[in-house]
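Undergrad: Okay, here's the structure, questions in a sec.
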Amino acid sequence: MPNLSENIMKRKRMYIAGLAGLGLIILVSIYNSRNGEGRQSEIRKCFFCDFAHHVQGPPPVLEVETDEYVIFKDKYPASTFHYLAIPKEHFDSFKSLNKSHLGLVQRMDAGMKEFLKSKNINPDKAIIGFHMPPFISVHHLHMHGIYPPSEMSFGNKINFFSSFWFKTSKDAISDLKDREL
């Protein structure tokens, strides 16, 4: 028979899982209630585009800048090291990409891994990937690079768990290879 503390811990885990599920439902309903017109106007006001093109300040410190993408520290880090790689060209999300974008995603992945190495982080131990719609907070394609996973909260571990809402960069690259042009 389980003791009292085991029952309390089990209830806490169920409560947290329930809250995570409720959060996902809310995100889906918000995403599905938006129409295409609102999405287009959002592109014109995209603050990630502003960051990438130095349009509006103060932007985050750009740790890496290439002709195609920039890397900067996430405003709401899930762990000690949490960076975002965003393309300079606006893409709403990973779902809007096709096979022709494979090279871009591969270069962003390689750039994120090289950047993490420059911080003395083994990229094989980091979480690198993309959230899938409707589980995205910003409608501009962005790749997360997070380390160490052991310092992430329970909620963030769920949020960045390889699943139907978060695709690792390896899985994303594999997916793009199978897409149409």
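Chains: A, B, ... in order of the structure tokens. Residues: from 1 per chain. Ligands: from 1, in order shown.
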Got a sec: who's within 9 Å of Asn98 (chain A), counting only C-alpha atoms, leaving out chain neighbours fewer than 4 positions off, as a compact mmCIF listing (two decimals) with all heavy atoms, in the first residue's frame?

TA:
# COMPACT_ATOMS: atom_id res chain seq x y z
N PHE A 94 7.82 26.42 -38.85
CA PHE A 94 8.44 25.30 -39.56
C PHE A 94 7.48 24.71 -40.59
O PHE A 94 7.90 24.26 -41.64
CB PHE A 94 8.90 24.24 -38.56
CG PHE A 94 9.60 23.09 -39.21
CD1 PHE A 94 10.93 23.20 -39.61
CD2 PHE A 94 8.94 21.90 -39.47
CE1 PHE A 94 11.57 22.15 -40.24
CE2 PHE A 94 9.57 20.85 -40.09
CZ PHE A 94 10.89 20.98 -40.49
N LEU A 102 15.67 23.32 -47.00
CA LEU A 102 16.51 22.36 -46.29
C LEU A 102 17.89 22.94 -45.97
O LEU A 102 18.37 22.84 -44.84
CB LEU A 102 16.66 21.07 -47.13
CG LEU A 102 17.59 19.99 -46.57
CD1 LEU A 102 17.10 19.50 -45.22
CD2 LEU A 102 17.68 18.84 -47.56
N LEU A 176 12.10 17.74 -43.71
CA LEU A 176 12.22 18.61 -44.89
C LEU A 176 12.71 17.85 -46.12
O LEU A 176 12.31 18.15 -47.24
CB LEU A 176 13.18 19.78 -44.61
CG LEU A 176 12.61 20.92 -43.79
CD1 LEU A 176 13.68 21.98 -43.52
CD2 LEU A 176 11.41 21.55 -44.45
N LYS A 177 13.55 16.85 -45.91
CA LYS A 177 14.05 16.05 -47.05
C LYS A 177 12.92 15.33 -47.76
O LYS A 177 13.00 15.08 -48.95
CB LYS A 177 15.08 15.03 -46.55
CG LYS A 177 16.41 15.65 -46.18
CD LYS A 177 17.38 14.59 -45.66
CE LYS A 177 18.70 15.22 -45.27
NZ LYS A 177 19.64 14.25 -44.69
N ASP A 178 11.84 15.03 -47.02
CA ASP A 178 10.70 14.30 -47.58
C ASP A 178 9.60 15.20 -48.12
O ASP A 178 8.64 14.72 -48.71
CB ASP A 178 10.10 13.36 -46.52
CG ASP A 178 11.06 12.27 -46.11
OD1 ASP A 178 11.94 11.90 -46.92
OD2 ASP A 178 10.93 11.76 -44.96
N ARG A 179 9.71 16.50 -47.94
CA ARG A 179 8.66 17.42 -48.39
C ARG A 179 8.79 17.73 -49.88
O ARG A 179 9.86 17.61 -50.46
CB ARG A 179 8.72 18.73 -47.60
CG ARG A 179 8.26 18.56 -46.17
CD ARG A 179 8.03 19.87 -45.50
NE ARG A 179 7.69 19.65 -44.11
CZ ARG A 179 7.48 20.62 -43.24
NH1 ARG A 179 7.58 21.89 -43.64
NH2 ARG A 179 7.18 20.36 -42.00
N GLU A 180 7.69 18.22 -50.43
CA GLU A 180 7.67 18.68 -51.82
C GLU A 180 8.33 20.04 -51.92
O GLU A 180 8.44 20.75 -50.92
CB GLU A 180 6.21 18.79 -52.30
CG GLU A 180 5.45 17.48 -52.29
CD GLU A 180 5.93 16.49 -53.34
OE1 GLU A 180 6.29 16.93 -54.45
OE2 GLU A 180 5.96 15.28 -53.04
N LEU A 181 8.68 20.42 -53.14
CA LEU A 181 9.22 21.76 -53.36
C LEU A 181 8.12 22.78 -53.36
O LEU A 181 7.00 22.57 -53.62
CB LEU A 181 9.99 21.83 -54.69
CG LEU A 181 11.37 21.21 -54.64
CD1 LEU A 181 12.00 21.24 -56.01
CD2 LEU A 181 12.26 21.96 -53.67

Undergrad: Which neighbours of Ser150 (chain A) fall inside 12 Å, counting only C-alpha atoms, when residues of the same chain fewer than 2 positions from it are skipped, and could you give them as a list of chain:residue names?

TA: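 Surrounding residues, per the criterion: A:Ala78, A:Ser79, A:Thr80, A:Phe81, A:Lys125, A:Ala126, A:Ile127, A:Ile146, A:Tyr147, A:Pro148, A:Met152, A:Ser153, A:Phe154, A:Asn156, A:Lys157.
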
Undergrad: Mind pulling up the distance from CA of Leu97 (chain A) to CA of Lys119 (chain A)?

TA: 29.5 Å

Undergrad: Which is closest to Ile158 (chain A) among A:His131, A:Lys170, A:Arg107, A:His142, if we use only C-alpha atoms?

TA: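 Checking each candidate against Ile158 (chain A), we get A:His131 as the closest.
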
Undergrad: Would you kindly return, as a list in words, each protein, DNA or RNA residue with an atom no farther than 10 Å from any atom of Phe164 (chain A), considering only C-alpha atoms and excluding same-chain residues fewer than 5 positions away?

TA: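 Listing them by chain and then by number gives His131, Met132, Pro133 and Phe135 of chain A.
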
Undergrad: Next, dump the selected residues to file, keeping only N, CA, C and O atoms, as a short mmCIF file (atom, residue, chain, number, x, y, z; two decimals), in the first residue's frame.

TA:
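Heads up, here's the output in selection02.cif:
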data_model
loop_
_atom_site.label_atom_id
_atom_site.label_comp_id
_atom_site.auth_asym_id
_atom_site.auth_seq_id
_atom_site.Cartn_x
_atom_site.Cartn_y
_atom_site.Cartn_z
N HIS A 131 9.42 24.41 -32.24
CA HIS A 131 8.04 24.12 -31.86
C HIS A 131 7.20 24.09 -33.14
O HIS A 131 7.49 24.79 -34.10
N MET A 132 6.17 23.26 -33.12
CA MET A 132 5.26 23.12 -34.26
C MET A 132 3.96 23.86 -33.96
O MET A 132 3.50 23.88 -32.83
N PRO A 133 3.37 24.49 -34.99
CA PRO A 133 2.06 25.11 -34.78
C PRO A 133 1.06 24.04 -34.34
O PRO A 133 1.16 22.91 -34.80
N PHE A 135 1.68 25.26 -31.37
CA PHE A 135 2.39 25.41 -30.10
C PHE A 135 3.59 26.36 -30.22
O PHE A 135 4.67 26.06 -29.72
#

Undergrad: Using only C-alpha atoms, determine which residues lie at most 10 Å from His53 (chain A), disregarding the query and same-chain residues fewer than 3 positions distant; provide the list as a list in words.

TA: Phe47, Phe48, Cys49, Asp50, Gln56, Pro59, Tyr69, Val70, Lys88 and Glu89 of chain A

Undergrad: Taking only C-alpha atoms into account, name the residue in A:Lys99, A:His82, A:Lys45, A:Lys117 that is nearest to His139 (chain A).

TA: A:Lys45

Undergrad: Could you tell me how far CA of Leu116 (chain A) sits from CA of Tyr83 (chain A), in Å to one decimal place?

TA: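 Interatomic distance here is 9.0 Å.
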
Undergrad: Within 7 Å of Phe72 (chain A), counting only C-alpha atoms, which residues qualify if same-chain residues fewer than 4 places away don't, as JSON, numbers by chain?

TA: {"A": [60, 61, 62, 63, 83, 84, 85]}

Undergrad: Which of these, A:Gly145, A:Gly103, A:Pro134, A:Gly155, has the shortest distance to Lys73 (chain A) once you count only C-alpha atoms?

TA: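 Closest candidate: A:Gly145.
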
Undergrad: Using DSSP secondary structure from the backbone, list all alpha helix (DSSP H) positions within region 106-177 of chain A, as a ChimeraX atom specification.

TA: /A:106-118,154-159,169-177
